[in-house]
>>> print(open('start12.tsv').read())   # TSV, C-alpha atoms (C1' of nucleotides) and all ligand atoms
chain	number	residue	atom	x	y	z
A	1	MET	CA	-2.85	54.39	-11.88
A	2	GLU	CA	0.67	55.70	-11.67
A	3	SER	CA	1.87	53.98	-14.81
A	4	GLU	CA	-0.88	55.43	-17.00
A	5	GLU	CA	-0.26	58.91	-15.66
A	6	ARG	CA	3.39	58.75	-16.41
A	7	LEU	CA	2.91	57.24	-19.86
A	8	LYS	CA	0.40	59.92	-20.77
A	9	ASN	CA	2.77	62.67	-19.67
A	10	SER	CA	5.69	61.11	-21.49
A	11	GLY	CA	4.21	61.48	-24.94
A	12	LEU	CA	4.40	57.75	-25.57
A	13	LYS	CA	1.29	55.90	-26.65
A	14	THR	CA	-0.37	54.10	-23.78
A	15	THR	CA	-0.23	50.53	-24.93
A	16	LYS	CA	-1.01	47.36	-23.04
A	17	SER	CA	2.66	46.33	-23.22
A	18	ARG	CA	4.00	49.56	-21.87
A	19	LYS	CA	1.55	49.72	-19.04
A	20	ALA	CA	2.20	46.11	-18.04
A	21	ILE	CA	5.98	46.49	-18.12
A	22	LEU	CA	6.01	49.78	-16.29
A	23	ASP	CA	3.68	48.34	-13.64
A	24	ILE	CA	6.04	45.45	-13.04
A	25	LEU	CA	8.97	47.80	-12.54
A	26	ILE	CA	6.94	50.06	-10.27
A	27	ARG	CA	6.05	47.10	-8.07
A	28	SER	CA	9.56	45.65	-7.99
A	29	ASP	CA	11.94	46.54	-5.19
A	30	GLN	CA	14.81	45.29	-7.33
A	31	PRO	CA	16.18	46.30	-10.70
A	32	MET	CA	15.17	43.63	-13.22
A	33	ALA	CA	16.63	42.14	-16.39
A	34	ALA	CA	14.57	42.19	-19.58
A	35	GLU	CA	14.09	38.45	-19.50
A	36	GLN	CA	12.93	38.49	-15.88
A	37	ILE	CA	10.28	41.01	-16.84
A	38	PHE	CA	9.33	38.83	-19.78
A	39	LEU	CA	8.85	35.87	-17.43
A	40	VAL	CA	6.69	37.84	-15.01
A	41	LEU	CA	4.53	38.92	-17.94
A	42	LYS	CA	4.14	35.31	-18.92
A	43	GLU	CA	3.03	34.40	-15.39
A	44	GLU	CA	0.47	37.16	-15.63
A	45	GLN	CA	-0.78	35.59	-18.86
A	46	ILE	CA	0.30	38.66	-20.78
A	47	ALA	CA	1.88	37.60	-24.05
A	48	ILE	CA	4.43	40.18	-25.09
A	49	ASN	CA	7.31	39.36	-27.35
A	50	LEU	CA	10.76	39.59	-25.81
A	51	SER	CA	11.89	42.01	-28.48
A	52	THR	CA	8.95	44.22	-27.59
A	53	VAL	CA	10.06	44.11	-23.97
A	54	TYR	CA	13.45	45.39	-25.05
A	55	ARG	CA	11.95	48.05	-27.28
A	56	THR	CA	9.57	49.15	-24.55
A	57	LEU	CA	12.35	49.41	-22.00
A	58	GLU	CA	14.35	51.48	-24.46
A	59	SER	CA	11.42	53.85	-24.96
A	60	LEU	CA	10.82	54.15	-21.24
A	61	GLU	CA	14.49	54.86	-20.70
A	62	ASN	CA	14.47	57.58	-23.35
A	63	LYS	CA	11.60	59.25	-21.54
A	64	ASP	CA	13.40	58.91	-18.21
A	65	LEU	CA	10.70	56.72	-16.74
A	66	VAL	CA	13.21	53.92	-16.36
A	67	THR	CA	16.92	53.70	-15.69
A	68	LYS	CA	19.20	51.12	-17.24
A	69	ILE	CA	22.13	49.93	-15.15
A	70	SER	CA	24.98	47.48	-15.46
A	71	ILE	CA	25.79	46.12	-12.04
A	72	LEU	CA	26.03	42.38	-12.18
A	73	ASP	CA	29.19	40.71	-13.38
A	74	ASP	CA	27.44	38.99	-16.24
A	75	ASP	CA	26.53	41.00	-19.30
A	76	ARG	CA	22.84	41.53	-18.62
A	77	MET	CA	21.51	45.04	-18.20
A	78	LEU	CA	19.04	45.75	-15.43
A	79	PHE	CA	16.14	48.17	-15.51
A	80	GLU	CA	14.59	50.09	-12.64
A	81	TYR	CA	11.63	52.43	-12.28
A	82	ASN	CA	12.90	55.94	-12.01
A	83	GLN	CA	11.03	57.46	-9.09
A	84	LEU	CA	13.91	59.36	-7.62
A	85	GLY	CA	16.61	61.11	-9.49
A	86	HIS	CA	20.03	60.24	-8.21
A	87	ARG	CA	20.85	57.00	-6.49
A	88	HIS	CA	23.50	54.42	-5.71
A	89	TYR	CA	23.44	50.67	-5.43
A	90	LEU	CA	24.63	48.31	-2.75
A	91	VAL	CA	24.95	44.81	-4.17
A	92	CYS	CA	25.33	41.58	-2.24
A	93	ILE	CA	27.95	39.55	-4.09
A	94	SER	CA	26.54	36.31	-2.65
A	95	CYS	CA	22.79	36.46	-3.26
A	96	LYS	CA	22.77	39.37	-5.75
A	97	LYS	CA	20.27	41.32	-3.69
A	98	ILE	CA	20.40	45.00	-4.57
A	99	ILE	CA	19.65	47.86	-2.19
A	100	THR	CA	19.10	51.31	-3.59
A	101	VAL	CA	20.70	54.12	-1.63
A	102	GLN	CA	19.53	57.72	-1.81
A	103	ASN	CA	22.26	59.49	0.11
A	104	CYS	CA	25.13	60.80	-2.03
A	105	PRO	CA	28.44	61.87	-0.52
A	106	LEU	CA	30.08	63.05	-3.72
A	107	GLY	CA	29.10	66.68	-4.16
A	108	THR	CA	32.29	68.30	-2.96
A	109	TYR	CA	34.42	65.53	-4.44
A	110	GLU	CA	33.05	66.30	-7.88
A	111	LYS	CA	33.94	69.96	-7.41
A	112	THR	CA	37.48	69.05	-6.45
A	113	LEU	CA	37.86	66.77	-9.43
A	114	GLU	CA	36.55	69.43	-11.79
A	115	ASP	CA	39.23	71.81	-10.57
A	116	GLU	CA	41.94	69.19	-10.95
A	117	THR	CA	40.95	67.83	-14.33
A	118	HIS	CA	39.05	70.69	-15.99
A	119	PHE	CA	36.30	68.21	-16.79
A	120	ASN	CA	32.74	69.40	-16.63
A	121	ILE	CA	31.26	66.59	-14.55
A	122	ILE	CA	27.67	65.75	-15.36
A	123	GLY	CA	27.07	62.72	-13.20
A	124	HIS	CA	28.46	59.54	-11.74
A	125	LYS	CA	27.69	55.95	-10.99
A	126	LEU	CA	28.57	54.46	-7.65
A	127	TYR	CA	28.15	50.78	-6.96
A	128	LEU	CA	29.09	49.30	-3.61
A	129	TYR	CA	29.69	45.59	-3.17
A	130	GLY	CA	29.63	43.38	-0.13
A	131	ASN	CA	27.69	40.75	1.75
A	132	CYS	CA	24.24	41.36	3.12
A	133	GLU	CA	23.37	40.44	6.70
A	134	ASP	CA	21.70	37.17	5.66
A	135	CYS	CA	24.65	36.04	3.61
A	136	GLN	CA	27.13	36.95	6.33
A	137	MET	CA	25.29	34.61	8.69
A	138	LYS	CA	25.07	31.84	6.12
A	139	ASN	CA	28.76	32.13	5.40
A	140	ALA	CA	29.61	32.15	9.10
A	141	SER	CA	27.72	28.91	9.71
A	142	ASN	CA	29.88	26.95	7.26
B	143	MET	CA	61.25	44.20	-18.54
B	144	GLU	CA	58.35	44.85	-16.23
B	145	SER	CA	55.99	42.46	-18.01
B	146	GLU	CA	58.36	39.50	-17.74
B	147	GLU	CA	58.97	40.15	-14.07
B	148	ARG	CA	55.29	40.21	-13.29
B	149	LEU	CA	54.49	37.17	-15.37
B	150	LYS	CA	57.25	35.19	-13.71
B	151	ASN	CA	55.99	36.13	-10.26
B	152	SER	CA	52.42	35.34	-11.18
B	153	GLY	CA	53.02	31.66	-11.78
B	154	LEU	CA	51.76	31.92	-15.35
B	155	LYS	CA	53.93	30.63	-18.15
B	156	THR	CA	55.81	33.42	-19.89
B	157	THR	CA	54.52	33.13	-23.42
B	158	LYS	CA	54.98	35.45	-26.35
B	159	SER	CA	51.26	36.26	-26.30
B	160	ARG	CA	51.13	37.14	-22.66
B	161	LYS	CA	54.20	39.29	-22.76
B	162	ALA	CA	52.99	41.15	-25.85
B	163	ILE	CA	49.52	41.77	-24.43
B	164	LEU	CA	50.74	42.83	-21.01
B	165	ASP	CA	53.26	45.16	-22.64
B	166	ILE	CA	50.52	46.85	-24.61
B	167	LEU	CA	48.47	47.43	-21.49
B	168	ILE	CA	51.49	48.69	-19.57
B	169	ARG	CA	52.19	51.22	-22.29
B	170	SER	CA	48.58	52.35	-22.67
B	171	ASP	CA	47.29	55.33	-20.72
B	172	GLN	CA	43.73	54.15	-21.41
B	173	PRO	CA	41.82	51.00	-20.58
B	174	MET	CA	41.51	48.98	-23.79
B	175	ALA	CA	38.98	46.59	-25.28
B	176	ALA	CA	40.11	43.10	-26.30
B	177	GLU	CA	39.70	43.88	-29.96
B	178	GLN	CA	41.73	47.08	-29.69
B	179	ILE	CA	44.55	45.07	-28.19
B	180	PHE	CA	44.17	42.54	-30.98
B	181	LEU	CA	44.52	45.31	-33.57
B	182	VAL	CA	47.63	46.75	-31.94
B	183	LEU	CA	49.14	43.27	-31.97
B	184	LYS	CA	48.40	43.02	-35.65
B	185	GLU	CA	50.14	46.35	-36.29
B	186	GLU	CA	53.15	45.00	-34.42
B	187	GLN	CA	53.11	42.00	-36.77
B	188	ILE	CA	52.33	39.71	-33.86
B	189	ALA	CA	49.73	37.18	-34.91
B	190	ILE	CA	47.68	36.16	-31.89
B	191	ASN	CA	44.19	34.77	-32.21
B	192	LEU	CA	41.43	36.93	-30.77
B	193	SER	CA	40.25	34.11	-28.55
B	194	THR	CA	43.76	33.86	-27.17
B	195	VAL	CA	43.64	37.55	-26.42
B	196	TYR	CA	40.47	36.97	-24.41
B	197	ARG	CA	41.93	33.95	-22.63
B	198	THR	CA	45.12	35.82	-21.86
B	199	LEU	CA	43.24	38.77	-20.44
B	200	GLU	CA	41.23	36.42	-18.27
B	201	SER	CA	44.40	34.81	-16.94
B	202	LEU	CA	45.99	38.16	-16.25
B	203	GLU	CA	42.87	39.29	-14.47
B	204	ASN	CA	42.83	36.18	-12.29
B	205	LYS	CA	46.38	36.95	-11.26
B	206	ASP	CA	45.49	40.57	-10.56
B	207	LEU	CA	47.87	41.88	-13.17
B	208	VAL	CA	44.97	43.36	-15.07
B	209	THR	CA	41.60	44.83	-14.13
B	210	LYS	CA	38.45	44.38	-16.17
B	211	ILE	CA	35.96	47.22	-16.16
B	212	SER	CA	32.64	48.05	-17.74
B	213	ILE	CA	32.43	51.78	-18.30
B	214	LEU	CA	31.31	52.47	-21.82
B	215	ASP	CA	27.67	52.40	-22.72
B	216	ASP	CA	28.17	49.66	-25.26
B	217	ASP	CA	28.70	46.11	-24.09
B	218	ARG	CA	32.45	45.90	-24.46
B	219	MET	CA	34.60	45.26	-21.45
B	220	LEU	CA	37.82	47.22	-21.02
B	221	PHE	CA	41.08	46.02	-19.56
B	222	GLU	CA	43.70	48.01	-17.73
B	223	TYR	CA	47.13	47.25	-16.32
B	224	ASN	CA	46.83	47.00	-12.57
B	225	GLN	CA	49.66	49.10	-11.20
B	226	LEU	CA	47.75	50.66	-8.37
B	227	GLY	CA	45.12	49.09	-6.23
B	228	HIS	CA	42.02	51.18	-5.85
B	229	ARG	CA	40.94	53.68	-8.46
B	230	HIS	CA	38.10	55.56	-10.06
B	231	TYR	CA	37.37	56.60	-13.60
B	232	LEU	CA	36.43	59.91	-15.11
B	233	VAL	CA	34.96	59.38	-18.57
B	234	CYS	CA	34.37	61.98	-21.26
B	235	ILE	CA	30.98	61.24	-22.75
B	236	SER	CA	31.93	62.97	-26.00
B	237	CYS	CA	35.30	61.55	-26.98
B	238	LYS	CA	35.35	58.56	-24.57
B	239	LYS	CA	38.67	59.58	-23.10
B	240	ILE	CA	39.17	57.99	-19.69
B	241	ILE	CA	41.15	59.48	-16.84
B	242	THR	CA	42.07	57.29	-13.91
B	243	VAL	CA	41.73	58.89	-10.49
B	244	GLN	CA	43.58	57.70	-7.41
B	245	ASN	CA	41.95	59.74	-4.69
B	246	CYS	CA	38.99	58.04	-2.97
B	247	PRO	CA	36.53	59.98	-0.82
B	248	LEU	CA	34.38	57.06	0.25
B	249	GLY	CA	35.97	55.62	3.37
B	250	THR	CA	33.68	57.16	5.96
B	251	TYR	CA	30.67	56.83	3.68
B	252	GLU	CA	31.17	53.07	3.53
B	253	LYS	CA	31.26	52.94	7.33
B	254	THR	CA	28.02	54.86	7.54
B	255	LEU	CA	26.35	52.60	5.02
B	256	GLU	CA	27.51	49.50	6.85
B	257	ASP	CA	25.85	50.77	10.01
B	258	GLU	CA	22.64	51.56	8.17
B	259	THR	CA	22.35	48.41	6.11
B	260	HIS	CA	24.30	45.81	8.08
B	261	PHE	CA	26.11	44.93	4.88
B	262	ASN	CA	29.76	44.03	5.07
B	263	ILE	CA	31.09	46.26	2.32
B	264	ILE	CA	34.04	44.87	0.43
B	265	GLY	CA	34.53	47.40	-2.33
B	266	HIS	CA	32.95	49.80	-4.73
B	267	LYS	CA	33.09	51.11	-8.24
B	268	LEU	CA	32.82	54.80	-8.93
B	269	TYR	CA	32.58	56.15	-12.45
B	270	LEU	CA	32.25	59.87	-13.09
B	271	TYR	CA	30.99	61.21	-16.39
B	272	GLY	CA	31.32	64.54	-18.05
B	273	ASN	CA	33.03	66.48	-20.80
B	274	CYS	CA	36.76	66.90	-20.97
B	275	GLU	CA	38.30	70.30	-21.55
B	276	ASP	CA	38.86	69.67	-25.26
B	277	CYS	CA	35.27	68.60	-25.85
B	278	GLN	CA	33.89	71.54	-23.90
B	279	MET	CA	35.72	73.86	-26.28
B	280	LYS	CA	34.60	71.96	-29.36
B	281	ASN	CA	31.01	72.02	-28.17
B	282	ALA	CA	31.20	75.74	-27.39
B	283	SER	CA	32.38	76.60	-30.90
B	284	ASN	CA	29.26	75.14	-32.51
C	285	DT	C1'	-15.28	56.64	-38.47
C	286	DT	C1'	-11.12	57.44	-41.05
C	287	DT	C1'	-6.21	57.99	-41.28
C	288	DT	C1'	-1.57	57.32	-40.28
C	289	DA	C1'	2.47	57.27	-37.55
C	290	DA	C1'	3.85	54.50	-33.99
C	291	DA	C1'	3.97	49.94	-31.88
C	292	DT	C1'	4.26	44.94	-32.17
C	293	DG	C1'	5.28	39.96	-33.48
C	294	DC	C1'	8.21	37.01	-35.63
C	295	DA	C1'	12.35	35.39	-37.47
C	296	DA	C1'	16.78	36.39	-38.57
C	297	DA	C1'	20.95	39.04	-37.66
C	298	DT	C1'	24.55	41.00	-34.58
C	299	DG	C1'	28.54	41.10	-32.04
C	300	DA	C1'	31.20	40.51	-28.01
C	301	DT	C1'	32.74	36.68	-25.65
C	302	DT	C1'	33.30	31.66	-24.82
C	303	DT	C1'	34.25	26.90	-25.78
C	304	DG	C1'	35.63	22.14	-27.77
C	305	DC	C1'	39.21	19.96	-29.67
C	306	DA	C1'	43.45	19.08	-32.10
C	307	DT	C1'	48.08	20.87	-32.04
C	308	DT	C1'	51.93	23.40	-30.13
C	309	DT	C1'	54.90	25.14	-26.50
C	310	DG	C1'	57.03	26.44	-21.94
C	311	DC	C1'	59.57	24.55	-18.56
C	312	DA	C1'	60.62	21.21	-14.78
C	313	DA	C1'	62.75	16.96	-14.10
C	314	DA	C1'	65.86	13.62	-15.62
D	315	DT	C1'	70.30	18.81	-23.45
D	316	DT	C1'	66.64	16.07	-24.02
D	317	DT	C1'	62.17	14.44	-22.57
D	318	DG	C1'	57.35	14.48	-20.81
D	319	DC	C1'	53.37	16.66	-20.05
D	320	DA	C1'	50.31	20.15	-18.31
D	321	DA	C1'	49.31	24.46	-19.91
D	322	DA	C1'	48.64	27.50	-23.83
D	323	DT	C1'	47.12	28.36	-28.51
D	324	DG	C1'	44.64	28.38	-33.14
D	325	DC	C1'	40.62	27.62	-35.42
D	326	DA	C1'	35.89	27.03	-36.07
D	327	DA	C1'	31.70	26.75	-34.04
D	328	DA	C1'	28.66	27.92	-30.25
D	329	DT	C1'	26.54	31.26	-26.88
D	330	DC	C1'	23.56	34.55	-25.54
D	331	DA	C1'	21.87	39.08	-24.62
D	332	DT	C1'	20.29	42.44	-27.52
D	333	DT	C1'	18.93	44.46	-32.02
D	334	DT	C1'	16.77	44.82	-36.49
D	335	DG	C1'	13.92	44.27	-40.97
D	336	DC	C1'	9.56	43.80	-42.40
D	337	DA	C1'	4.73	42.73	-42.55
D	338	DT	C1'	0.77	43.51	-39.63
D	339	DT	C1'	-1.79	45.70	-35.95
D	340	DT	C1'	-3.21	49.52	-33.03
D	341	DA	C1'	-3.60	54.07	-30.43
D	342	DA	C1'	-5.37	58.29	-30.86
D	343	DA	C1'	-5.78	62.72	-33.54
D	344	DA	C1'	-8.74	64.80	-36.82
E	401	MN	MN	26.07	60.05	-5.97
E	402	MN	MN	36.93	54.66	-4.02
E	403	ZN	ZN	23.12	38.41	0.22
E	404	ZN	ZN	36.33	64.50	-24.49
>>> encode(input="start12.tsv", output="structure tokens")
Amino acid sequence: MESEERLKNSGLKTTKSRKAILDILIRSDQPMAAEQIFLVLKEEQIAINLSTVYRTLESLENKDLVTKISILDDDRMLFEYNQLGHRHYLVCISCKKIITVQNCPLGTYEKTLEDETHFNIIGHKLYLYGNCEDCQMKNASN
Amino acid sequence: MESEERLKNSGLKTTKSRKAILDILIRSDQPMAAEQIFLVLKEEQIAINLSTVYRTLESLENKDLVTKISILDDDRMLFEYNQLGHRHYLVCISCKKIITVQNCPLGTYEKTLEDETHFNIIGHKLYLYGNCEDCQMKNASN
DNA sequence: TTTTAAATGCAAATGATTTGCATTTGCAAA
DNA sequence: TTTGCAAATGCAAATCATTTGCATTTAAAA
């Protein structure tokens, strides 16, 4: 399966924990918090310590199998399977649904900024916030 | 002074703490963490409890005098005096210097995304990362 | 198999931020 | 000016996501 492939290539040992956690992230269409992952594991009757979840996510992030992002207003970090390099996030401020966006409009902007600031720009994070269609309708009917 | 004006208009009581904290942020060319502000206060011989610093920053944020941002990779929040509405941040990943950028290239992109996703987009956060001129030179001479 | 570095479980620590409560203070009304 | 009181503050303790130390287990190379 995909997770075993990617673990093998990464140089990390293929452990039950890592496979289970990576599988969960591969299946998820949403970035997930460490504790959410921990709860899904519990549902699947897979007993993995929460600190191991954190350590696993850190390893996966170091190998670029997983991306760690800070989107929500609380202080939890979210983790997402890293299938595609660059991406942006569109977050519904009502229901917290997150949509991942591939298209990036910032290429020429970065060039301009480099000229202006003499920074060497390596990357960026773009988070867009709003209300999803569902939440717009719910809000309207109040 | 500017801080007293803005406090008066905000409806918040003009206390010694609030004036001192807002003054520090007005003077700073960098977003600051709560504890940094606390330390500057100490240098100025102004004894304000750290929890009061946090509560003050929260009040100032609620009144839109201050903006709270999460840029650094650690879990500290930064606070910045809110002179200008919309802005972006260019962060040096070596020395952590932060440059605030006014220009925003995302107007038409937001429109496009709204059409694609049926979200009602309210705002966005854009953080750019790279190496500042100084750090590029330091890195080169290694 | 044997060997050993890496991975894990468990409990305790961390550290930024928040909160409960007693006391103080800004400021509007008298 | 003085008074009354809601708002602000200090202090200590609580929170809570995340990290860490250490003893034990395990993947996988030889
Ligand atoms: Mn982009
Ligand atoms: Mn913008
Ligand atoms: Zn929604
Ligand atoms: Zn720098």
>>> closest_residue(input="start12.tsv", among="B:Cys237, B:Ala162, B:Leu181, B:Met219", to="chain C", atoms="only C-alpha atoms (C1' of nucleotides)")
B:Met219
>>> interface_residues(input="start12.tsv", of="chain C", to="chain A", cutoff="10 Å", atoms="all atoms listed in the file", output="ChimeraX atom specification")
/C:290-294,300-301
>>> closest_residue(input="start12.tsv", among="A:Asn131, A:Thr100, A:Gln136, A:Thr117", to="ligand MN 401 (chain E)", atoms="only C-alpha atoms and all ligand atoms")
A:Thr100
>>> residues_near_point(input="start12.tsv", point="(46.0, 49.9, -7.8)", cutoff="10 Å", atoms="all atoms listed in the file", output="PyMOL selection string")
chain B and resi 206-209+223-230+244
>>> write_last_selection(input="start12.tsv", atoms="C-alpha atoms", output="mmCIF file, keeping the file's coordinate frame")
data_model
loop_
_atom_site.group_PDB
_atom_site.id
_atom_site.type_symbol
_atom_site.label_atom_id
_atom_site.label_comp_id
_atom_site.auth_asym_id
_atom_site.auth_seq_id
_atom_site.Cartn_x
_atom_site.Cartn_y
_atom_site.Cartn_z
ATOM 1 C CA ASP B 206 45.490 40.570 -10.560
ATOM 2 C CA LEU B 207 47.870 41.880 -13.170
ATOM 3 C CA VAL B 208 44.970 43.360 -15.070
ATOM 4 C CA THR B 209 41.600 44.830 -14.130
ATOM 5 C CA TYR B 223 47.130 47.250 -16.320
ATOM 6 C CA ASN B 224 46.830 47.000 -12.570
ATOM 7 C CA GLN B 225 49.660 49.100 -11.200
ATOM 8 C CA LEU B 226 47.750 50.660 -8.370
ATOM 9 C CA GLY B 227 45.120 49.090 -6.230
ATOM 10 C CA HIS B 228 42.020 51.180 -5.850
ATOM 11 C CA ARG B 229 40.940 53.680 -8.460
ATOM 12 C CA HIS B 230 38.100 55.560 -10.060
ATOM 13 C CA GLN B 244 43.580 57.700 -7.410
#
>>> residues_near_ligand(input="start12.tsv", ligand="ligand MN 401 (chain E)", cutoff="12 Å", atoms="all atoms listed in the file", output="ChimeraX atom specification")
/A:85-89,100-110,121-128 /B:247-248,251,267-271
>>> calpha_fit_and_write(input="start12.tsv", fixed="chain A", moving="chain B", output="tab-separated table (two decimals) with C-alpha atoms, in the frame of the given file")
chain	number	residue	atom	x	y	z
B	143	MET	CA	-2.92	54.19	-11.86
B	144	GLU	CA	0.57	55.58	-11.64
B	145	SER	CA	1.79	53.86	-14.80
B	146	GLU	CA	-0.98	55.29	-16.97
B	147	GLU	CA	-0.41	58.78	-15.63
B	148	ARG	CA	3.27	58.66	-16.41
B	149	LEU	CA	2.80	57.16	-19.83
B	150	LYS	CA	0.25	59.79	-20.75
B	151	ASN	CA	2.58	62.57	-19.66
B	152	SER	CA	5.51	61.05	-21.48
B	153	GLY	CA	4.00	61.41	-24.92
B	154	LEU	CA	4.26	57.67	-25.54
B	155	LYS	CA	1.19	55.79	-26.64
B	156	THR	CA	-0.47	53.97	-23.76
B	157	THR	CA	-0.29	50.39	-24.91
B	158	LYS	CA	-1.03	47.21	-23.02
B	159	SER	CA	2.64	46.23	-23.21
B	160	ARG	CA	3.95	49.47	-21.85
B	161	LYS	CA	1.50	49.62	-19.01
B	162	ALA	CA	2.18	46.01	-18.03
B	163	ILE	CA	5.95	46.43	-18.12
B	164	LEU	CA	5.97	49.73	-16.27
B	165	ASP	CA	3.65	48.26	-13.64
B	166	ILE	CA	6.04	45.40	-13.04
B	167	LEU	CA	8.94	47.77	-12.54
B	168	ILE	CA	6.90	50.01	-10.27
B	169	ARG	CA	6.03	47.05	-8.09
B	170	SER	CA	9.55	45.62	-8.00
B	171	ASP	CA	11.93	46.53	-5.20
B	172	GLN	CA	14.83	45.31	-7.35
B	173	PRO	CA	16.18	46.34	-10.73
B	174	MET	CA	15.17	43.65	-13.22
B	175	ALA	CA	16.63	42.17	-16.39
B	176	ALA	CA	14.55	42.21	-19.58
B	177	GLU	CA	14.09	38.47	-19.50
B	178	GLN	CA	12.94	38.51	-15.88
B	179	ILE	CA	10.28	41.01	-16.83
B	180	PHE	CA	9.34	38.82	-19.77
B	181	LEU	CA	8.88	35.84	-17.43
B	182	VAL	CA	6.72	37.80	-15.01
B	183	LEU	CA	4.56	38.86	-17.94
B	184	LYS	CA	4.19	35.25	-18.93
B	185	GLU	CA	3.09	34.33	-15.40
B	186	GLU	CA	0.49	37.08	-15.62
B	187	GLN	CA	-0.75	35.49	-18.85
B	188	ILE	CA	0.29	38.56	-20.79
B	189	ALA	CA	1.91	37.51	-24.04
B	190	ILE	CA	4.45	40.13	-25.08
B	191	ASN	CA	7.34	39.32	-27.36
B	192	LEU	CA	10.78	39.59	-25.80
B	193	SER	CA	11.90	42.03	-28.46
B	194	THR	CA	8.93	44.20	-27.57
B	195	VAL	CA	10.03	44.09	-23.97
B	196	TYR	CA	13.43	45.40	-25.04
B	197	ARG	CA	11.91	48.07	-27.27
B	198	THR	CA	9.53	49.13	-24.54
B	199	LEU	CA	12.31	49.42	-22.00
B	200	GLU	CA	14.29	51.52	-24.43
B	201	SER	CA	11.34	53.86	-24.94
B	202	LEU	CA	10.75	54.16	-21.23
B	203	GLU	CA	14.40	54.89	-20.69
B	204	ASN	CA	14.38	57.62	-23.33
B	205	LYS	CA	11.49	59.25	-21.52
B	206	ASP	CA	13.29	58.93	-18.19
B	207	LEU	CA	10.61	56.72	-16.72
B	208	VAL	CA	13.13	53.93	-16.35
B	209	THR	CA	16.86	53.73	-15.68
B	210	LYS	CA	19.16	51.17	-17.24
B	211	ILE	CA	22.09	50.00	-15.18
B	212	SER	CA	24.95	47.56	-15.49
B	213	ILE	CA	25.78	46.18	-12.07
B	214	LEU	CA	26.01	42.44	-12.24
B	215	ASP	CA	29.17	40.76	-13.39
B	216	ASP	CA	27.42	39.05	-16.26
B	217	ASP	CA	26.50	41.04	-19.33
B	218	ARG	CA	22.83	41.60	-18.61
B	219	MET	CA	21.51	45.09	-18.21
B	220	LEU	CA	19.02	45.81	-15.44
B	221	PHE	CA	16.11	48.20	-15.51
B	222	GLU	CA	14.57	50.12	-12.65
B	223	TYR	CA	11.58	52.41	-12.27
B	224	ASN	CA	12.84	55.95	-12.02
B	225	GLN	CA	11.00	57.45	-9.07
B	226	LEU	CA	13.90	59.36	-7.65
B	227	GLY	CA	16.62	61.13	-9.50
B	228	HIS	CA	20.08	60.33	-8.25
B	229	ARG	CA	20.90	57.07	-6.55
B	230	HIS	CA	23.52	54.50	-5.74
B	231	TYR	CA	23.46	50.74	-5.48
B	232	LEU	CA	24.62	48.39	-2.79
B	233	VAL	CA	24.94	44.88	-4.21
B	234	CYS	CA	25.31	41.63	-2.29
B	235	ILE	CA	27.92	39.60	-4.10
B	236	SER	CA	26.50	36.36	-2.70
B	237	CYS	CA	22.77	36.51	-3.33
B	238	LYS	CA	22.76	39.45	-5.80
B	239	LYS	CA	20.26	41.38	-3.75
B	240	ILE	CA	20.39	45.08	-4.61
B	241	ILE	CA	19.63	47.92	-2.24
B	242	THR	CA	19.11	51.38	-3.65
B	243	VAL	CA	20.70	54.21	-1.69
B	244	GLN	CA	19.56	57.81	-1.87
B	245	ASN	CA	22.27	59.58	0.07
B	246	CYS	CA	25.16	60.90	-2.06
B	247	PRO	CA	28.47	61.96	-0.52
B	248	LEU	CA	30.16	63.11	-3.70
B	249	GLY	CA	29.22	66.75	-4.18
B	250	THR	CA	32.40	68.35	-2.91
B	251	TYR	CA	34.53	65.56	-4.36
B	252	GLU	CA	33.23	66.34	-7.84
B	253	LYS	CA	34.16	70.00	-7.36
B	254	THR	CA	37.66	69.04	-6.33
B	255	LEU	CA	38.06	66.75	-9.31
B	256	GLU	CA	36.82	69.42	-11.68
B	257	ASP	CA	39.51	71.77	-10.42
B	258	GLU	CA	42.18	69.12	-10.78
B	259	THR	CA	41.22	67.77	-14.17
B	260	HIS	CA	39.39	70.64	-15.85
B	261	PHE	CA	36.62	68.21	-16.71
B	262	ASN	CA	33.06	69.42	-16.59
B	263	ILE	CA	31.53	66.64	-14.54
B	264	ILE	CA	27.95	65.82	-15.38
B	265	GLY	CA	27.27	62.77	-13.27
B	266	HIS	CA	28.60	59.61	-11.75
B	267	LYS	CA	27.78	56.03	-11.00
B	268	LEU	CA	28.63	54.52	-7.66
B	269	TYR	CA	28.17	50.83	-6.97
B	270	LEU	CA	29.09	49.35	-3.61
B	271	TYR	CA	29.65	45.64	-3.16
B	272	GLY	CA	29.59	43.43	-0.15
B	273	ASN	CA	27.64	40.80	1.72
B	274	CYS	CA	24.18	41.40	3.06
B	275	GLU	CA	23.30	40.47	6.62
B	276	ASP	CA	21.62	37.21	5.60
B	277	CYS	CA	24.60	36.06	3.55
B	278	GLN	CA	27.05	36.96	6.30
B	279	MET	CA	25.17	34.63	8.62
B	280	LYS	CA	24.98	31.85	6.05
B	281	ASN	CA	28.68	32.15	5.36
B	282	ALA	CA	29.51	32.13	9.07
B	283	SER	CA	27.62	28.89	9.66
B	284	ASN	CA	29.79	26.96	7.22
>>> closest_residue(input="start12.tsv", among="B:Ser145, B:Ser201, B:Ser283, B:Ser212", to="DA321 (chain D)", atoms="all atoms listed in the file")
B:Ser201
